[in-house]
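What follows is the content of query-v3.txt, which has compact mmCIF, C-alpha atoms:
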```txt
# COMPACT_ATOMS: atom_id res chain seq x y z
CA MET A 1392 -22.55 43.33 -23.38
CA THR A 1393 -23.57 42.77 -19.79
CA ARG A 1394 -21.64 40.55 -17.46
CA ARG A 1395 -24.54 38.11 -17.48
CA SER A 1396 -24.65 37.77 -21.25
CA LEU A 1397 -20.87 37.36 -21.28
CA HIS A 1398 -21.18 34.42 -18.92
CA THR A 1399 -23.93 32.90 -21.04
CA GLY A 1400 -21.78 33.20 -24.13
CA MET A 1401 -18.80 31.58 -22.45
CA ALA A 1402 -20.94 28.73 -21.23
CA ALA A 1403 -22.21 28.15 -24.75
CA VAL A 1404 -18.66 28.04 -26.09
CA ALA A 1405 -17.68 25.56 -23.40
CA LEU A 1406 -20.65 23.37 -24.18
CA GLY A 1407 -19.76 23.47 -27.84
CA LEU A 1408 -16.20 22.40 -27.13
CA VAL A 1409 -17.37 19.51 -24.99
CA ALA A 1410 -19.89 18.41 -27.58
CA THR A 1411 -17.29 18.58 -30.35
CA SER A 1412 -14.66 16.65 -28.46
CA LEU A 1413 -17.17 13.99 -27.49
CA SER A 1414 -18.48 13.56 -30.98
CA VAL A 1415 -15.03 13.06 -32.52
CA ALA A 1416 -13.83 10.71 -29.78
CA GLY A 1417 -15.67 7.74 -31.22
CA PRO A 1418 -15.99 4.34 -29.67
CA ALA A 1419 -12.92 3.01 -27.90
CA ALA A 1420 -11.73 -0.25 -29.37
CA ALA A 1421 -8.84 -1.90 -27.56
CA ASP A 1422 -7.53 -5.34 -28.26
CA ALA A 1423 -5.49 -7.09 -25.63
CA SER A 1424 -1.73 -7.24 -25.94
CA ASP A 1425 0.65 -9.69 -24.31
CA ASP A 1426 0.92 -7.27 -21.39
CA TYR A 1427 -2.50 -5.63 -21.39
CA PRO A 1428 -4.77 -5.81 -19.50
CA ILE A 1429 -3.08 -8.81 -17.90
CA PRO A 1430 0.72 -8.75 -17.66
CA ARG A 1431 2.46 -11.62 -19.45
CA ARG A 1432 4.24 -12.76 -16.30
CA ILE A 1433 0.89 -13.57 -14.69
CA ILE A 1434 -0.15 -15.37 -17.85
CA THR A 1435 2.95 -17.57 -17.81
CA THR A 1436 3.66 -18.03 -14.11
CA THR A 1437 3.39 -21.52 -12.65
CA CYS A 1438 2.76 -20.18 -9.15
CA ASP A 1439 -0.69 -20.54 -7.64
CA ALA A 1440 -2.69 -17.57 -6.37
CA GLU A 1441 -1.50 -18.02 -2.79
CA GLN A 1442 2.16 -18.29 -3.71
CA TYR A 1443 1.82 -15.14 -5.74
CA LEU A 1444 -0.05 -13.27 -3.00
CA GLN A 1445 2.53 -14.19 -0.37
CA ALA A 1446 5.23 -12.87 -2.69
CA VAL A 1447 3.34 -9.59 -3.16
CA ARG A 1448 2.96 -9.30 0.61
CA ASP A 1449 6.75 -9.37 0.93
CA THR A 1450 7.87 -7.52 -2.22
CA SER A 1451 5.15 -4.84 -2.59
CA PRO A 1452 3.80 -4.61 0.96
CA VAL A 1453 2.02 -1.28 0.61
CA TYR A 1454 0.27 -2.48 -2.54
CA TYR A 1455 -0.73 -5.69 -0.76
CA GLN A 1456 -2.12 -3.69 2.14
CA ARG A 1457 -4.15 -1.43 -0.12
CA TYR A 1458 -5.65 -4.43 -1.88
CA MET A 1459 -6.45 -6.25 1.33
CA ILE A 1460 -7.97 -3.17 2.96
CA ASP A 1461 -10.12 -2.66 -0.14
CA ARG A 1462 -11.06 -6.34 -0.01
CA ASN A 1463 -11.98 -6.18 3.66
CA ASN A 1464 -14.34 -3.32 2.88
CA ARG A 1465 -16.40 -5.58 0.57
CA PRO A 1466 -19.22 -7.88 1.67
CA VAL A 1467 -18.05 -11.37 2.57
CA ASP A 1468 -19.81 -12.96 -0.41
CA ILE A 1469 -18.03 -10.58 -2.81
CA GLN A 1470 -14.70 -11.36 -1.17
CA GLN A 1471 -15.37 -15.05 -1.68
CA MET A 1472 -16.50 -14.47 -5.25
CA ALA A 1473 -13.23 -12.70 -6.04
CA GLU A 1474 -11.17 -15.42 -4.37
CA ASP A 1475 -12.98 -18.16 -6.30
CA ARG A 1476 -12.56 -16.25 -9.53
CA ILE A 1477 -8.83 -15.79 -9.13
CA HIS A 1478 -8.51 -19.49 -8.31
CA TRP A 1479 -10.35 -20.19 -11.54
CA PHE A 1480 -7.99 -17.88 -13.43
CA PHE A 1481 -4.89 -19.55 -12.01
CA SER A 1482 -6.32 -22.94 -12.97
CA LEU A 1483 -6.20 -21.93 -16.66
CA ASP A 1484 -3.26 -22.65 -18.94
CA PRO A 1485 -1.40 -19.69 -20.49
CA ALA A 1486 -3.39 -19.83 -23.73
CA ALA A 1487 -6.68 -19.65 -21.85
CA ARG A 1488 -5.39 -16.85 -19.64
CA ARG A 1489 -4.39 -14.91 -22.74
CA GLN A 1490 -7.87 -15.45 -24.16
CA TYR A 1491 -9.40 -14.23 -20.92
CA SER A 1492 -7.22 -11.12 -21.19
CA GLU A 1493 -8.61 -10.58 -24.69
CA ASP A 1494 -12.18 -11.10 -23.51
CA THR A 1495 -11.92 -8.60 -20.67
CA ALA A 1496 -10.16 -6.03 -22.87
CA THR A 1497 -12.79 -6.11 -25.58
CA ASN A 1498 -15.93 -6.48 -23.46
CA VAL A 1499 -16.24 -4.34 -20.37
CA TYR A 1500 -19.09 -6.50 -19.08
CA TYR A 1501 -17.25 -9.80 -19.57
CA GLU A 1502 -15.93 -10.07 -16.03
CA GLN A 1503 -18.94 -10.30 -13.73
CA VAL A 1504 -16.95 -10.00 -10.50
CA ALA A 1505 -15.82 -6.56 -11.64
CA THR A 1506 -19.41 -5.35 -11.66
CA HIS A 1507 -19.47 -5.97 -7.90
CA TRP A 1508 -15.92 -4.89 -7.11
CA GLY A 1509 -14.09 -2.93 -9.77
CA ASN A 1510 -10.59 -3.60 -8.39
CA TRP A 1511 -11.19 -7.22 -7.48
CA ALA A 1512 -7.98 -8.41 -9.18
CA LYS A 1513 -5.88 -5.28 -8.91
CA VAL A 1514 -3.03 -6.95 -7.09
CA PHE A 1515 -2.93 -9.73 -9.68
CA PHE A 1516 -3.36 -7.90 -12.97
CA ASN A 1517 -3.04 -4.17 -12.75
CA ASN A 1518 0.55 -3.29 -12.11
CA LYS A 1519 3.43 -4.72 -14.10
CA GLY A 1520 6.01 -3.70 -11.50
CA VAL A 1521 4.19 -5.51 -8.71
CA VAL A 1522 3.70 -8.58 -10.91
CA ALA A 1523 7.36 -8.59 -11.99
CA LYS A 1524 8.72 -8.48 -8.46
CA ALA A 1525 6.32 -11.09 -7.11
CA THR A 1526 6.60 -13.57 -9.99
CA ASP A 1527 10.39 -13.49 -9.62
CA VAL A 1528 10.16 -15.15 -6.21
CA CYS A 1529 6.67 -16.66 -5.83
CA LEU A 1530 7.81 -20.25 -6.40
CA SER A 1531 9.75 -20.09 -3.13
CA TYR A 1532 6.51 -19.84 -1.13
CA PRO A 1533 4.26 -22.71 -0.02
CA ALA A 1534 1.47 -23.48 -2.48
CA GLY A 1535 -2.13 -23.37 -1.34
CA ASN A 1536 -1.39 -21.38 1.80
CA MET A 1537 -4.89 -20.01 2.33
CA GLN A 1538 -3.77 -18.16 5.43
CA VAL A 1539 -2.39 -15.40 3.21
CA TRP A 1540 -5.96 -14.26 2.55
CA ASP A 1541 -6.36 -13.40 6.23
CA PHE A 1542 -5.38 -9.77 6.33
CA ALA A 1543 -5.35 -9.45 10.12
CA SER A 1544 -2.56 -11.97 10.51
CA ASN A 1545 -0.62 -10.92 7.41
CA SER A 1546 -0.59 -7.17 7.66
CA MET B 570 -17.85 41.20 40.55
CA THR B 571 -18.22 38.05 42.61
CA ARG B 572 -15.39 35.76 43.41
CA HIS B 573 -16.73 33.29 40.83
CA HIS B 574 -16.77 35.90 38.10
CA ARG B 575 -13.21 36.96 38.83
CA ALA B 576 -12.03 33.38 38.53
CA VAL B 577 -13.34 32.81 35.00
CA PRO B 578 -11.02 35.27 33.21
CA ALA B 579 -8.09 33.89 35.17
CA LEU B 580 -8.86 30.34 34.05
CA ALA B 581 -9.33 31.46 30.46
CA ALA B 582 -5.99 33.24 30.53
CA ALA B 583 -4.34 30.11 31.87
CA ALA B 584 -5.95 28.01 29.14
CA ILE B 585 -4.78 30.43 26.46
CA GLY B 586 -1.32 30.25 27.95
CA ILE B 587 -1.34 26.45 27.69
CA VAL B 588 -2.55 26.55 24.08
CA ALA B 589 0.15 29.09 23.23
CA ALA B 590 2.80 26.92 24.83
CA VAL B 591 1.72 23.84 22.87
CA SER B 592 1.36 25.61 19.53
CA GLY B 593 4.70 27.32 19.99
CA SER B 594 6.52 24.10 20.74
CA GLY B 595 7.50 23.50 17.11
CA THR B 596 8.79 20.35 15.50
CA ALA B 597 9.26 18.30 18.63
CA TYR B 598 5.51 17.68 18.65
CA ALA B 599 5.05 17.10 14.93
CA ASP B 600 3.15 14.01 13.88
CA PRO B 601 5.07 10.75 14.36
CA ASP B 602 5.42 10.15 10.62
CA THR B 603 7.18 13.48 10.19
CA ASP B 604 9.43 12.79 13.15
CA PHE B 605 10.17 9.35 11.71
CA ALA B 606 11.03 10.89 8.33
CA ASN B 607 13.32 13.41 10.02
CA GLN B 608 15.05 10.60 11.87
CA LEU B 609 15.53 8.70 8.59
CA HIS B 610 17.08 11.78 7.03
CA THR B 611 19.84 11.68 9.63
CA TYR B 612 20.71 8.23 8.26
CA GLY B 613 20.67 9.45 4.68
CA ILE B 614 17.41 7.62 3.96
CA TYR B 615 15.01 9.71 1.91
CA GLY B 616 12.02 8.90 -0.29
CA PRO B 617 8.28 9.54 0.15
CA LYS B 618 7.36 10.21 3.77
CA ASP B 619 4.05 8.33 3.61
CA TYR B 620 5.62 5.28 2.01
CA ASN B 621 8.42 5.10 4.56
CA ALA B 622 5.97 5.53 7.44
CA TRP B 623 3.69 2.82 6.09
CA LEU B 624 6.62 0.48 5.56
CA GLY B 625 7.79 1.09 9.11
CA LYS B 626 4.34 0.29 10.47
CA ILE B 627 4.09 -2.83 8.33
CA ALA B 628 7.48 -3.99 9.61
CA CYS B 629 6.07 -3.68 13.13
CA GLN B 630 2.88 -5.54 12.25
CA ARG B 631 4.86 -8.34 10.66
CA LEU B 632 6.88 -8.75 13.86
CA SER B 633 3.64 -8.82 15.87
CA ASN B 634 2.09 -11.38 13.54
CA ASN B 635 5.22 -13.53 13.41
CA ILE B 636 5.52 -13.20 9.64
CA ASP B 637 9.02 -12.00 10.44
CA HIS B 638 10.29 -14.11 13.31
CA ASP B 639 13.31 -12.04 14.22
CA ALA B 640 15.13 -8.81 13.46
CA TYR B 641 17.17 -10.42 10.67
CA GLN B 642 14.04 -11.36 8.74
CA SER B 643 12.61 -7.94 9.46
CA ALA B 644 15.72 -6.16 8.20
CA LYS B 645 15.65 -8.31 5.06
CA PHE B 646 12.01 -7.32 4.48
CA VAL B 647 12.85 -3.65 4.97
CA GLY B 648 15.85 -3.91 2.66
CA THR B 649 13.75 -5.51 -0.07
CA ASN B 650 11.40 -2.57 -0.03
CA LEU B 651 13.80 0.33 0.31
CA SER B 652 16.21 1.68 -2.27
CA ARG B 653 18.67 -0.94 -3.45
CA ARG B 654 21.37 1.70 -3.13
CA ASN B 655 20.99 1.66 0.63
CA ALA B 656 23.74 0.10 2.69
CA THR B 657 22.81 -2.82 4.95
CA GLU B 658 23.52 -0.52 7.88
CA GLN B 659 20.84 1.90 6.66
CA ASN B 660 18.28 -0.89 6.51
CA TRP B 661 19.01 -1.75 10.13
CA GLN B 662 18.81 1.94 11.05
CA PHE B 663 15.42 2.13 9.35
CA LEU B 664 14.22 -0.90 11.31
CA SER B 665 15.51 0.47 14.58
CA ALA B 666 13.81 3.82 14.01
CA ALA B 667 10.56 2.10 12.95
CA ILE B 668 10.54 0.11 16.19
CA ASP B 669 11.27 3.23 18.24
CA PHE B 670 8.46 5.21 16.63
CA TYR B 671 5.79 2.61 15.98
CA CYS B 672 6.31 -0.43 18.19
CA PRO B 673 8.72 0.24 21.04
CA ASP B 674 7.45 -2.97 22.67
CA LYS B 675 9.40 -4.84 19.97
CA ARG B 676 12.72 -3.36 21.01
CA SER B 677 13.71 -6.75 22.39
CA VAL B 678 14.01 -8.28 18.91
CA LEU B 679 16.85 -5.87 18.17
CA GLU B 680 18.50 -6.65 21.48
CA ASP B 681 18.19 -10.38 20.74
CA ALA B 682 19.83 -9.84 17.36
CA ALA B 683 22.62 -7.84 18.97
CA HIS B 684 23.26 -10.63 21.47
CA GLN B 685 23.27 -13.23 18.71
CA SER B 686 25.69 -11.10 16.74
CA GLN B 687 28.02 -10.74 19.73
CA ALA B 688 27.85 -14.47 20.36
CA GLY B 689 28.85 -15.07 16.75
CA ASP B 690 25.66 -16.91 15.90
CA ARG B 691 25.12 -14.73 12.87
CA ALA B 692 27.44 -13.13 10.43
```

Here is the file; what I need is its structure written in the form of structure tokens.
Amino acid sequence: MTRRSLHTGMAAVALGLVATSLSVAGPAAADASDDYPIPRRIITTTCDAEQYLQAVRDTSPVYYQRYMIDRNNRPVDIQQMAEDRIHWFFSLDPAARRQYSEDTATNVYYEQVATHWGNWAKVFFNNKGVVAKATDVCLSYPAGNMQVWDFASNS
Amino acid sequence: MTRHHRAVPALAAAAIGIVAAVSGSGTAYADPDTDFANQLHTYGIYGPKDYNAWLGKIACQRLSNNIDHDAYQSAKFVGTNLSRRNATEQNWQFLSAAIDFYCPDKRSVLEDAAHQSQAGDRA
């Protein structure tokens, strides 16, 4: 067997493995849980978005910075879209928030903002540790403090 | 060889000498984040270098932006985001080192805190 034919054979084996593993993987079906994809503490908190964000700024500052840097790299209209959407989410009661969690878990296209900015709500939903620390103290911050969205003066 | 031609090798040799001196200088000219981490180690503060450096820079930015209005608020912020096993003294040491490395213009907030402490304004 030549070196070339050996390579061809190995490539065929690799392709076969990939094809097999793909074919048995099947469709992913994931229901929401009380903590996935949206942590329960965000579902039950009575803080508003700004109270929560101020708390993240102080209790998970590097995470806050990453989110705000990512946000600042988006077009202004997408930034506004994300801000409006999180205000809408925080306006929901816990039952509706839990339903939203279910909807986003079972339909990848449900959340339209995510099609423009995949991590649009990362600081709010995606990390239980960040959520836990911030929801512990968020009520001590002023509600509706829109200044917290201004990264330049909060970094 | 003209005078000009003789000068070129001499300049090159001098330049090589400068490069050699800089490259041989060792840790004293490491990047500031590494120097900051090394300083923290002398206080018994460890943890990820990048995280500590970022936290130090954020502490500086918060002083500049008046999110933290004085060194006490800044030390509280630092303490919240460092290991809970740290002593209060270590949090202050972290803040002091962060100011030295990343915002020496904020040194006065530490001096103000020291004066307040001496005057008995703060515990």

Original post:
In Å to one decimal, how far is atom CA of Lys618 of chain B from atom CA of Ala606 of chain B?
Top reply: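 It comes out at 5.9 Å.
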
Restrict the calculation to all atoms listed in the file, then for each residue of chain B with any atom at most 10 Å from an atom of chain A give the closest atom pair and their distance in Å to one decimal, rows by chain and rising residue number, as CSV.
```
residue,atom,partner,partner_atom,distance
B:Tyr620,CA,A:Val1453,CA,7.6
B:Asn621,CA,A:Val1453,CA,9.9
B:Trp623,CA,A:Val1453,CA,7.0
B:Leu624,CA,A:Val1453,CA,7.0
B:Lys626,CA,A:Ser1546,CA,9.4
B:Ile627,CA,A:Ser1546,CA,6.4
B:Ala628,CA,A:Ser1546,CA,8.9
B:Cys629,CA,A:Ser1546,CA,9.3
B:Gln630,CA,A:Ser1546,CA,6.0
B:Arg631,CA,A:Ser1546,CA,6.3
B:Leu632,CA,A:Ser1546,CA,9.8
B:Ser633,CA,A:Ser1544,CA,8.8
B:Asn634,CA,A:Ser1544,CA,5.6
B:Asn635,CA,A:Ser1544,CA,8.4
B:Ile636,CA,A:Asn1545,CA,6.9
B:Lys645,CA,A:Asp1449,CA,9.9
B:Phe646,CA,A:Asp1449,CA,6.7
B:Val647,CA,A:Asp1449,CA,9.3
B:Thr649,CA,A:Thr1450,CA,6.6
B:Asn650,CA,A:Thr1450,CA,6.5
```

Original post:
Residues around (6.8, 8.2, 14.7), cut-off 6 Å, counting only C-alpha atoms - what are they as a VMD selection string?
Top reply: chain B and resid 601 to 602 604 to 605 670 to 671

Residue list as a PDB file with C-alpha atoms, keeping the file's coordinate frame for point (-3.8, -1.9, -15.0), cut-off 10 Å, all atoms listed in the file:
```
ATOM      1  CA  ASP A1426       0.920  -7.270 -21.390  1.00  0.00           C
ATOM      2  CA  TYR A1427      -2.500  -5.630 -21.390  1.00  0.00           C
ATOM      3  CA  PRO A1428      -4.770  -5.810 -19.500  1.00  0.00           C
ATOM      4  CA  ILE A1429      -3.080  -8.810 -17.900  1.00  0.00           C
ATOM      5  CA  PRO A1430       0.720  -8.750 -17.660  1.00  0.00           C
ATOM      6  CA  ASN A1510     -10.590  -3.600  -8.390  1.00  0.00           C
ATOM      7  CA  ALA A1512      -7.980  -8.410  -9.180  1.00  0.00           C
ATOM      8  CA  LYS A1513      -5.880  -5.280  -8.910  1.00  0.00           C
ATOM      9  CA  VAL A1514      -3.030  -6.950  -7.090  1.00  0.00           C
ATOM     10  CA  PHE A1515      -2.930  -9.730  -9.680  1.00  0.00           C
ATOM     11  CA  PHE A1516      -3.360  -7.900 -12.970  1.00  0.00           C
ATOM     12  CA  ASN A1517      -3.040  -4.170 -12.750  1.00  0.00           C
ATOM     13  CA  ASN A1518       0.550  -3.290 -12.110  1.00  0.00           C
ATOM     14  CA  LYS A1519       3.430  -4.720 -14.100  1.00  0.00           C
TER      15      LYS A1519
END
```

Subject >> Atom-to-atom span, atom CA of Ile614 of chain B and atom CA of Ser665 of chain B, Å >> reply: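 Result for atom CA of Ile614 of chain B versus atom CA of Ser665 of chain B: 12.9 Å, one decimal.
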
Around all the atoms of segment 625-633 of chain B listed in the file, draw an axis-aligned box and extend it by 5 Å on each of the six sides; I want its centre and edge lengths in Å to one decimal, as lines of an AutoDock Vina configuration file.
```
center_x = 5.3
center_y = -3.9
center_z = 12.1
size_x = 14.9
size_y = 19.9
size_z = 17.5
```

Original post:
Any idea what the distance is between atom CA of Ala1487 of chain A and atom CA of Ser1424 of chain A?
Top reply: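 We find that atom CA of Ala1487 of chain A and atom CA of Ser1424 of chain A lie 14.0 Å from each other.
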
Original post:
Got a sec: who's within 10 Å of Asp1527 of chain A, counting only C-alpha atoms, leaving out chain neighbours fewer than 4 positions off, as a PyMOL selection string?
Top reply: chain A and resi 1432+1436+1443+1446+1450+1522-1523+1531

Subject >> Spatial neighbours of Asp681 of chain B, max dist 12 Å, only C-alpha atoms, sep filter under 4 positions, as a ChimeraX atom specification >> reply: /B:638-641,675-677,685-688,690-691

**OP:** Excluding Trp1540 of chain A and any residue of its chain fewer than 5 positions from it, enumerate the residues within 9 Å of it, using all atoms listed in the file, and give them as a ChimeraX atom specification.
**Re:** /A:1441,1444-1445,1459,1474,1545
